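This is target-v4.txt (compact mmCIF, C-alpha atoms (C1' of nucleotides)).
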```txt
# COMPACT_ATOMS: atom_id res chain seq x y z
CA MET A 1 72.87 122.93 128.16
CA GLU A 2 75.07 121.25 125.62
CA HIS A 3 75.02 122.22 122.00
CA SER A 4 75.32 119.37 119.57
CA PHE A 5 77.92 119.56 116.85
CA GLY A 6 77.00 117.87 113.63
CA LYS A 7 74.78 114.84 114.00
CA GLU A 8 72.90 114.23 117.19
CA CYS A 9 74.48 111.62 119.39
CA ALA A 10 73.91 110.20 122.78
CA LEU A 11 77.33 110.99 124.23
CA GLY A 12 78.17 113.87 126.56
CA LEU A 13 80.70 116.51 125.66
CA VAL A 14 83.58 114.96 127.58
CA GLU A 15 82.80 111.49 126.29
CA ARG A 16 82.76 112.79 122.73
CA GLU A 17 86.14 114.35 123.21
CA VAL A 18 87.60 111.09 124.49
CA VAL A 19 86.14 109.23 121.54
CA GLU A 20 87.70 111.76 119.21
CA PHE A 21 91.05 111.16 120.88
CA PHE A 22 90.84 107.52 119.90
CA VAL A 23 89.64 108.36 116.43
CA ARG A 24 92.92 110.23 115.94
CA MET A 25 94.81 107.29 117.37
CA ALA A 26 93.09 104.99 114.90
CA ASN A 27 94.08 107.37 112.18
CA VAL A 28 97.77 107.19 113.13
CA LEU A 29 97.61 103.41 113.33
CA ASN A 30 95.94 103.19 109.94
CA LEU A 31 92.73 101.69 111.30
CA PRO A 32 89.20 102.64 110.26
CA ARG A 33 87.71 105.59 112.11
CA SER A 34 84.88 103.40 113.41
CA VAL A 35 87.41 101.18 115.17
CA GLY A 36 88.69 104.20 117.06
CA GLU A 37 85.17 105.32 117.89
CA ILE A 38 84.19 101.95 119.25
CA TYR A 39 87.29 101.54 121.36
CA GLY A 40 86.75 105.08 122.62
CA VAL A 41 83.18 104.53 123.66
CA LEU A 42 84.12 101.33 125.46
CA PHE A 43 87.10 103.00 127.11
CA VAL A 44 85.03 105.87 128.39
CA SER A 45 82.12 103.80 129.57
CA SER A 46 82.10 102.70 133.18
CA LYS A 47 80.12 99.59 132.33
CA PRO A 48 80.33 96.96 129.58
CA LEU A 49 78.43 97.75 126.39
CA CYS A 50 76.78 95.49 123.85
CA LEU A 51 76.93 95.89 120.09
CA ASP A 52 73.73 97.85 119.95
CA ASP A 53 74.81 100.16 122.78
CA CYS A 54 77.92 101.07 120.81
CA ARG A 55 75.97 101.48 117.63
CA ALA A 56 73.39 103.73 119.25
CA LEU A 57 75.89 105.87 121.17
CA LEU A 58 77.99 106.48 118.07
CA GLY A 59 75.24 106.61 115.50
CA ILE A 60 76.92 104.17 113.15
CA SER A 61 75.63 101.07 111.42
CA LYS A 62 75.29 97.59 112.81
CA GLY A 63 77.68 96.28 110.14
CA SER A 64 80.46 98.72 111.00
CA THR A 65 79.99 98.05 114.67
CA SER A 66 80.21 94.31 114.22
CA GLN A 67 83.34 94.57 112.10
CA GLY A 68 84.92 97.11 114.39
CA LEU A 69 84.38 94.91 117.42
CA ARG A 70 85.88 92.00 115.55
CA ILE A 71 89.02 93.96 114.69
CA LEU A 72 89.43 95.21 118.24
CA ARG A 73 89.01 91.68 119.55
CA SER A 74 91.49 90.39 117.00
CA PHE A 75 94.34 92.22 118.65
CA GLY A 76 93.09 92.10 122.18
CA ALA A 77 92.12 95.75 122.56
CA ILE A 78 88.76 94.72 123.99
CA ARG A 79 87.44 91.74 125.84
CA THR A 80 84.01 90.18 125.61
CA VAL A 81 82.43 89.59 128.98
CA TYR A 82 79.58 87.35 129.94
CA VAL A 83 76.60 88.93 131.63
CA PRO A 84 74.36 86.33 133.29
CA GLY A 85 70.76 86.51 132.25
CA ASP A 86 71.45 88.37 129.02
CA ARG A 87 71.89 86.81 125.61
CA LYS A 88 73.87 89.72 124.28
CA ASP A 89 77.66 89.87 124.25
CA TYR A 90 79.08 92.70 126.33
CA HIS A 91 82.42 94.31 125.66
CA ILE A 92 84.95 96.19 127.74
CA ALA A 93 88.11 98.02 126.74
CA GLU A 94 91.37 96.35 127.65
CA THR A 95 93.38 98.94 129.55
CA SER A 96 96.76 97.25 129.71
CA LEU A 97 98.80 99.26 127.24
CA ARG A 98 101.25 96.41 126.97
CA LYS A 99 98.58 93.93 125.94
CA ILE A 100 97.18 96.28 123.33
CA VAL A 101 100.55 97.16 121.82
CA SER A 102 101.70 93.58 121.83
CA GLY A 103 98.46 92.34 120.28
CA PHE A 104 98.54 95.04 117.66
CA ALA A 105 102.12 94.24 116.77
CA LYS A 106 101.51 90.53 116.58
CA GLU A 107 98.34 90.74 114.50
CA GLN A 108 98.82 93.83 112.37
CA ILE A 109 102.57 94.25 111.96
CA GLN A 110 104.13 90.81 112.18
CA PRO A 111 102.47 89.50 109.00
CA HIS A 112 104.02 92.33 107.02
CA VAL A 113 107.40 91.64 108.54
CA VAL A 114 107.13 87.97 107.62
CA SER A 115 106.11 88.68 104.04
CA GLY A 116 108.94 91.19 103.84
CA LYS A 117 111.40 88.51 104.83
CA GLU A 118 110.05 86.18 102.15
CA ARG A 119 110.26 88.96 99.63
CA VAL A 120 113.93 89.59 100.31
CA GLN A 121 114.60 85.88 100.03
CA ARG A 122 112.85 85.90 96.68
CA ILE A 123 114.94 88.82 95.48
CA ARG A 124 118.09 86.91 96.38
CA GLU A 125 116.95 83.99 94.29
CA LEU A 126 116.05 86.20 91.33
CA LEU A 127 119.47 87.76 91.59
CA GLU A 128 121.08 84.35 90.99
CA ASP A 129 119.83 83.95 87.45
CA HIS A 130 118.97 87.41 86.20
CA LYS A 131 121.23 90.03 84.79
CA VAL A 132 121.44 93.34 86.61
CA ASP A 133 123.52 96.43 85.93
CA ASN A 134 125.89 96.04 88.82
CA PRO A 135 125.65 92.69 90.60
CA ASP A 136 128.05 93.46 93.42
CA ASP A 137 126.35 96.70 94.25
CA MET A 138 122.99 94.98 94.11
CA ARG A 139 124.10 92.18 96.41
CA GLU A 140 125.33 94.75 98.88
CA LYS A 141 121.93 96.40 98.83
CA ILE A 142 120.04 93.20 99.41
CA ASP A 143 122.35 92.55 102.34
CA MET A 144 121.40 95.96 103.66
CA LEU A 145 117.70 95.15 103.38
CA GLU A 146 118.21 91.96 105.31
CA ASN A 147 120.14 93.83 107.97
CA TRP A 148 117.35 96.40 108.31
CA GLN A 149 114.84 93.66 108.82
CA LYS A 150 116.90 92.04 111.52
CA ARG A 151 117.14 95.31 113.37
CA ALA A 152 113.45 96.07 112.91
CA ASN A 153 112.64 92.67 114.36
CA SER A 154 114.59 93.34 117.49
CA VAL A 155 112.58 96.45 118.26
CA LEU A 156 109.28 94.99 119.42
CA PRO A 157 110.55 92.97 122.39
CA LEU A 158 112.39 96.00 123.61
CA VAL A 159 109.41 98.28 123.23
CA LEU A 160 107.34 95.85 125.26
CA LYS A 161 109.97 95.72 127.96
CA LEU A 162 110.14 99.49 128.08
CA ILE A 163 106.43 100.07 128.01
CA GLY A 164 105.95 97.88 131.04
CA LYS A 165 102.63 96.42 132.05
CA MET B 1 114.13 87.10 77.92
CA GLU B 2 112.05 88.89 80.45
CA HIS B 3 108.30 88.92 80.26
CA SER B 4 106.64 92.13 81.31
CA PHE B 5 103.83 92.00 83.82
CA GLY B 6 101.16 94.61 83.44
CA LYS B 7 102.37 97.91 82.05
CA GLU B 8 105.67 98.17 80.31
CA CYS B 9 108.37 99.70 82.44
CA ALA B 10 112.04 100.34 82.15
CA LEU B 11 113.13 98.40 85.23
CA GLY B 12 114.63 94.93 85.25
CA LEU B 13 113.02 92.05 87.07
CA VAL B 14 115.16 92.31 90.18
CA GLU B 15 114.81 96.06 90.34
CA ARG B 16 111.05 95.77 90.08
CA GLU B 17 111.00 93.35 92.96
CA VAL B 18 113.00 95.71 95.15
CA VAL B 19 110.66 98.55 94.27
CA GLU B 20 107.73 96.38 95.23
CA PHE B 21 109.37 95.69 98.57
CA PHE B 22 109.34 99.40 99.30
CA VAL B 23 105.81 99.78 98.02
CA ARG B 24 104.75 97.34 100.74
CA MET B 25 106.80 99.27 103.25
CA ALA B 26 105.06 102.47 102.24
CA ASN B 27 101.78 100.68 102.67
CA VAL B 28 102.60 99.68 106.25
CA LEU B 29 103.75 103.20 107.04
CA ASN B 30 100.60 104.65 105.56
CA LEU B 31 102.39 106.53 102.80
CA PRO B 32 101.28 106.77 99.17
CA ARG B 33 102.39 103.92 96.96
CA SER B 34 104.30 106.34 94.73
CA VAL B 35 106.47 107.37 97.67
CA GLY B 36 107.49 103.75 98.12
CA GLU B 37 108.13 103.37 94.42
CA ILE B 38 110.32 106.43 94.25
CA TYR B 39 112.36 105.51 97.29
CA GLY B 40 112.71 102.02 95.86
CA VAL B 41 113.99 103.16 92.51
CA LEU B 42 116.49 105.47 94.17
CA PHE B 43 117.56 102.76 96.59
CA VAL B 44 118.17 100.27 93.83
CA SER B 45 119.92 102.64 91.49
CA SER B 46 123.69 102.76 91.63
CA LYS B 47 123.72 106.39 90.55
CA PRO B 48 121.71 109.49 91.46
CA LEU B 49 118.48 110.01 89.51
CA CYS B 50 116.63 113.17 88.57
CA LEU B 51 112.90 113.69 88.71
CA ASP B 52 112.39 112.69 85.14
CA ASP B 53 114.51 109.55 85.53
CA CYS B 54 112.28 108.40 88.37
CA ARG B 55 109.16 109.32 86.46
CA ALA B 56 110.28 107.44 83.36
CA LEU B 57 111.51 104.34 85.19
CA LEU B 58 108.29 104.02 87.17
CA GLY B 59 105.85 105.21 84.53
CA ILE B 60 104.13 107.68 86.85
CA SER B 61 103.26 111.33 86.41
CA LYS B 62 105.48 114.32 86.93
CA GLY B 63 103.15 115.64 89.64
CA SER B 64 103.28 112.45 91.70
CA THR B 65 107.01 112.26 91.31
CA SER B 66 107.50 115.84 92.44
CA GLN B 67 105.29 115.36 95.48
CA GLY B 68 106.80 111.99 96.31
CA LEU B 69 110.31 113.41 96.25
CA ARG B 70 109.17 116.25 98.48
CA ILE B 71 107.72 113.85 101.04
CA LEU B 72 110.83 111.69 101.03
CA ARG B 73 113.00 114.76 101.46
CA SER B 74 110.76 116.00 104.28
CA PHE B 75 111.82 113.16 106.52
CA GLY B 76 115.30 112.70 105.23
CA ALA B 77 114.79 109.44 103.38
CA ILE B 78 116.54 110.87 100.34
CA ARG B 79 119.13 113.55 99.74
CA THR B 80 119.43 115.89 96.83
CA VAL B 81 122.87 116.02 95.35
CA TYR B 82 124.44 118.59 93.12
CA VAL B 83 125.81 117.45 89.78
CA PRO B 84 128.11 120.05 88.20
CA GLY B 85 127.19 121.04 84.68
CA ASP B 86 123.58 119.90 85.00
CA ARG B 87 120.64 122.07 85.89
CA LYS B 88 118.58 119.17 87.15
CA ASP B 89 118.39 118.10 90.79
CA TYR B 90 119.66 114.59 91.42
CA HIS B 91 118.50 112.42 94.26
CA ILE B 92 119.95 109.51 96.19
CA ALA B 93 118.42 107.26 98.81
CA GLU B 94 119.59 107.80 102.34
CA THR B 95 120.73 104.40 103.60
CA SER B 96 121.17 105.10 107.28
CA LEU B 97 118.21 103.33 108.83
CA ARG B 98 118.58 105.44 111.90
CA LYS B 99 118.28 108.68 109.98
CA ILE B 100 115.22 107.49 108.12
CA VAL B 101 113.42 106.20 111.20
CA SER B 102 114.28 109.27 113.20
CA GLY B 103 113.21 111.63 110.42
CA PHE B 104 109.99 109.73 109.91
CA ALA B 105 109.21 109.78 113.59
CA LYS B 106 109.96 113.46 113.93
CA GLU B 107 108.00 114.57 110.89
CA GLN B 108 105.15 112.10 110.66
CA ILE B 109 104.55 110.86 114.20
CA GLN B 110 105.57 113.63 116.56
CA PRO B 111 102.88 116.08 115.38
CA HIS B 112 100.19 113.54 116.25
CA VAL B 113 101.74 112.96 119.65
CA VAL B 114 101.76 116.68 120.33
CA SER B 115 98.16 117.16 119.29
CA GLY B 116 97.26 114.16 121.42
CA LYS B 117 98.82 115.83 124.43
CA GLU B 118 96.83 119.01 123.80
CA ARG B 119 93.69 116.97 123.39
CA VAL B 120 94.09 115.29 126.76
CA GLN B 121 94.71 118.67 128.35
CA ARG B 122 91.53 119.93 126.75
CA ILE B 123 89.56 116.98 128.08
CA ARG B 124 90.81 117.74 131.58
CA GLU B 125 89.54 121.28 131.27
CA LEU B 126 86.18 120.18 129.95
CA LEU B 127 85.92 117.79 132.85
CA GLU B 128 86.13 120.73 135.28
CA ASP B 129 82.85 122.31 134.29
CA HIS B 130 80.80 119.59 132.61
CA LYS B 131 78.74 116.92 134.22
CA VAL B 132 79.65 113.32 133.52
CA ASP B 133 78.17 110.08 134.77
CA ASN B 134 80.95 109.13 137.09
CA PRO B 135 83.52 111.90 137.63
CA ASP B 136 85.98 109.88 139.69
CA ASP B 137 86.03 107.05 137.19
CA MET B 138 86.45 109.54 134.37
CA ARG B 139 89.33 111.32 136.07
CA GLU B 140 91.04 107.99 136.55
CA LYS B 141 90.70 107.30 132.85
CA ILE B 142 92.11 110.63 131.80
CA ASP B 143 95.04 109.92 134.10
CA MET B 144 95.51 106.66 132.30
CA LEU B 145 95.55 108.40 128.94
CA GLU B 146 98.20 110.78 130.16
CA ASN B 147 100.24 107.90 131.47
CA TRP B 148 100.01 106.11 128.13
CA GLN B 149 101.26 109.16 126.37
CA LYS B 150 104.24 109.49 128.67
CA ARG B 151 105.19 105.90 128.03
CA ALA B 152 104.67 106.23 124.29
CA ASN B 153 106.93 109.26 124.29
CA SER B 154 109.76 107.39 125.91
CA VAL B 155 109.78 104.77 123.17
CA LEU B 156 111.35 106.65 120.28
CA PRO B 157 114.69 107.52 121.91
CA LEU B 158 115.09 103.93 122.93
CA VAL B 159 114.24 102.61 119.50
CA LEU B 160 116.85 104.91 118.00
CA LYS B 161 119.43 103.73 120.48
CA LEU B 162 118.62 100.12 119.74
CA ILE B 163 118.49 100.49 116.00
CA GLY B 164 121.99 101.89 115.98
CA LYS B 165 123.41 103.88 113.11
C1' DC C 1 58.66 74.89 116.02
C1' DA C 2 57.21 79.59 114.77
C1' DG C 3 58.77 83.82 116.26
C1' DT C 4 62.40 86.81 118.44
C1' DT C 5 66.70 88.39 119.48
C1' DT C 6 71.48 88.89 118.40
C1' DG C 7 75.33 89.08 115.55
C1' DT C 8 77.59 88.40 110.79
C1' DT C 9 78.24 88.98 105.90
C1' DC C 10 78.61 91.26 101.70
C1' DA C 11 77.10 93.87 97.52
C1' DG C 12 76.37 98.48 96.65
C1' DT C 13 77.23 103.18 97.96
C1' DA C 14 79.66 106.86 100.03
C1' DT C 15 83.84 108.86 101.38
C1' DA C 16 88.75 109.78 101.46
C1' DT C 17 93.07 109.49 99.27
C1' DT C 18 96.11 109.44 95.50
C1' DT C 19 97.31 110.34 90.85
C1' DT C 20 97.20 112.85 86.72
C1' DG C 21 98.19 116.49 83.60
C1' DA C 22 97.88 121.07 82.22
C1' DA C 23 99.01 125.68 83.74
C1' DC C 24 102.38 128.11 86.03
C1' DA C 25 106.85 130.04 87.94
C1' DC C 26 111.54 130.26 87.78
C1' DT C 27 116.02 130.11 85.79
C1' DA C 28 119.45 129.50 82.41
C1' DT C 29 120.96 130.23 77.79
C1' DG C 30 121.69 131.97 73.26
C1' DC D 1 114.23 139.17 75.89
C1' DA D 2 112.36 135.03 73.64
C1' DT D 3 112.81 130.21 74.19
C1' DA D 4 113.73 125.86 76.36
C1' DG D 5 114.46 123.14 80.48
C1' DT D 6 113.16 122.03 85.14
C1' DG D 7 110.25 121.63 88.99
C1' DT D 8 105.74 122.91 91.52
C1' DT D 9 100.85 123.38 92.17
C1' DC D 10 96.22 122.24 92.15
C1' DA D 11 91.60 121.07 90.18
C1' DA D 12 89.63 117.17 88.27
C1' DA D 13 89.64 112.13 87.59
C1' DA D 14 90.80 107.66 89.13
C1' DT D 15 91.37 104.59 92.70
C1' DA D 16 91.22 102.57 97.22
C1' DT D 17 88.89 102.21 101.53
C1' DA D 18 85.22 102.28 104.80
C1' DC D 19 80.29 102.28 105.78
C1' DT D 20 75.55 101.01 105.24
C1' DG D 21 71.63 98.23 105.40
C1' DA D 22 69.18 94.35 103.99
C1' DA D 23 69.51 89.46 103.87
C1' DC D 24 71.09 85.79 106.40
C1' DA D 25 72.50 82.39 110.11
C1' DA D 26 72.44 80.88 114.74
C1' DA D 27 70.64 80.47 119.09
C1' DC D 28 67.24 81.25 122.38
C1' DT D 29 62.14 81.40 124.01
C1' DG D 30 57.48 80.55 124.77
```

I need this file expressed as structure tokens, please.
Amino acid sequence: MEHSFGKECALGLVEREVVEFFVRMANVLNLPRSVGEIYGVLFVSSKPLCLDDCRALLGISKGSTSQGLRILRSFGAIRTVYVPGDRKDYHIAETSLRKIVSGFAKEQIQPHVVSGKERVQRIRELLEDHKVDNPDDMREKIDMLENWQKRANSVLPLVLKLIGK
Amino acid sequence: MEHSFGKECALGLVEREVVEFFVRMANVLNLPRSVGEIYGVLFVSSKPLCLDDCRALLGISKGSTSQGLRILRSFGAIRTVYVPGDRKDYHIAETSLRKIVSGFAKEQIQPHVVSGKERVQRIRELLEDHKVDNPDDMREKIDMLENWQKRANSVLPLVLKLIGK
DNA sequence: CAGTTTGTTCAGTATATTTTGAACACTATG
DNA sequence: CATAGTGTTCAAAATATACTGAACAAACTG
């Protein structure tokens, strides 16, 4: 007999623990808790689940579930599968670590990198026609920023290579 | 003549832009905005700054500044330097990307990785004496989690190697 | 087409995080 | 040892973020 901790929910003890694992993951990656929960419940399930399955198993709202699924889809952490004879969309967890990492990087990190690049460019321009305390020193620092960005950019491809399939 | 945007502050236009760059960085890394601001102002300054310098330049509170400096110190993003004949602590930005990344990883990421490892172990144990829908499938999934962790662990050393000094 | 089922959107609410500022501890200094 | 200078802590306030649920849109169904 399994005690329930906190709110009732339809998941077994082991399943709950797996979901919690992904909640922590989400936390580290700066994603909403519900996104972790949803990926977790899909990961742990041996069959595809529809929106309402996820919602019911986790005891969260339809809105959160819909948005969570959208986010997960946006970086390829889940796939939507077609089930003949059912109008609902069914979802399964993508289990290729490489795909997930690469999707996450492309969708969630890359935009920041790009805007960072623009920002440094902008600083360079400002530096042309604005007084600063120590122009040479400042120029050196902007160079350093640009160098950091270059190196940061080179990391992802390597990580993907290393992390394999 | 420089217009001021929003609140008055003691930084020039270029300096403000550099600080904003690091605020975005902080954002991506899931650190408080003030931590980004403080690193930024130290990075851009050509001389060491004390707590009250940072506070005054950024227009933030003493408490935030103290905590921000502590966090930055905790992963080696800044160093505290001794200035003879002055009771105050002075701080400078560490500019070795490698040191910063490595410190950040060790202090902010590693603990999560460790607790993740424990969590997977715990799930394995639970799996021993709790019923689940499909034990074989579940075991396979826990194996996958463990495999992911191994691969994730191998990333940092490589990133450090790649990112150079 | 009227009624159902499914999924999305978004304004309002709830929650979590960050910041503030006043109280405190510590040390130096006269 | 009283006072001033420096940095820390933490409870309360401010802010940012995520979640809810009702209203909606779209697509099927009889």

Discussion item. Show me, as number ranges by chain, every residue of chain A with an atom at most 10 Å from chain C, counting all atoms listed in the file.
Written reply: A: 51-52, 62-63, 66-67, 87-89

Practice prompt. For chain B, work out the contacting residues on chain D at 10 Å, counting all atoms listed in the file, and write them as a list in words.
Written response: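 Within 10 Å of chain B on chain D, we get DG5, DT6, DG7, DT8, DT9 and DC10 of chain D.
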
Write to file, as a PDB file, in the coordinates of the input, the residues of the selection just made, with C-alpha atoms (C1' of nucleotides).
```
ATOM      1  C1'  DG D   5     114.460 123.140  80.480  1.00  0.00           C
ATOM      2  C1'  DT D   6     113.160 122.030  85.140  1.00  0.00           C
ATOM      3  C1'  DG D   7     110.250 121.630  88.990  1.00  0.00           C
ATOM      4  C1'  DT D   8     105.740 122.910  91.520  1.00  0.00           C
ATOM      5  C1'  DT D   9     100.850 123.380  92.170  1.00  0.00           C
ATOM      6  C1'  DC D  10      96.220 122.240  92.150  1.00  0.00           C
TER       7       DC D  10
END
```

Item to complete: Restrict the distance test to only C-alpha atoms, flag each residue of chain A within 9 Å of chain B, and return the flagged residues as a PyMOL selection string.
Response: chain A and resi 12-15+17-18+20-21+24-25+28-30+43-46+95+97+109+112+116+119-120+122-124+126-127+130-134+137-138+141-142+144+148+151-152+154-155+158-159+162-164

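Taking atom CA of Val35 of chain A as the reference point, atom CA of Pro157 of chain A is found at 25.6 Å.
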
Worksheet item: So what do you get for atom C1' of DT3 of chain D versus atom CA of Ser64 of chain B, distance-wise?
Response: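 Straight-line distance from atom C1' of DT3 of chain D to atom CA of Ser64 of chain B works out to 26.7 Å.
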
Discussion item. So the first atom is atom CA of Val101 of chain A and the second is atom CA of Ser61 of chain A; what is the distance between them in Å, to one decimal place?
Written reply: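 These two atoms are separated by 27.3 Å.
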
Discussion item. I'd like the neighbourhood of Gly59 of chain A as a PyMOL selection string, where a residue qualifies if any of its atoms comes within 12 Å (using all atoms listed in the file), though same-chain residues fewer than 2 positions away should be ignored.
Written reply: (chain A and resi 6-11+34+37-38+41+51-57+61-65) or (chain D and resi 19-20)

Fill in: Counting all atoms listed in the file, the residue of A:Ile71, A:Arg79, A:Lys161, A:Glu140 that sits nearest Ser102 of chain A
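Closest to Ser102 of chain A of all the choices is A:Lys161.
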
Please, what is the axis-aligned box for every listed atom of segment 83-99 of chain B with 8 Å on each side, as centre and edge lengths in Å to one decimal, as lines of an AutoDock Vina configuration file?
```
center_x = 123.2
center_y = 112.7
center_z = 98.3
size_x = 25.9
size_y = 34.7
size_z = 43.2
```
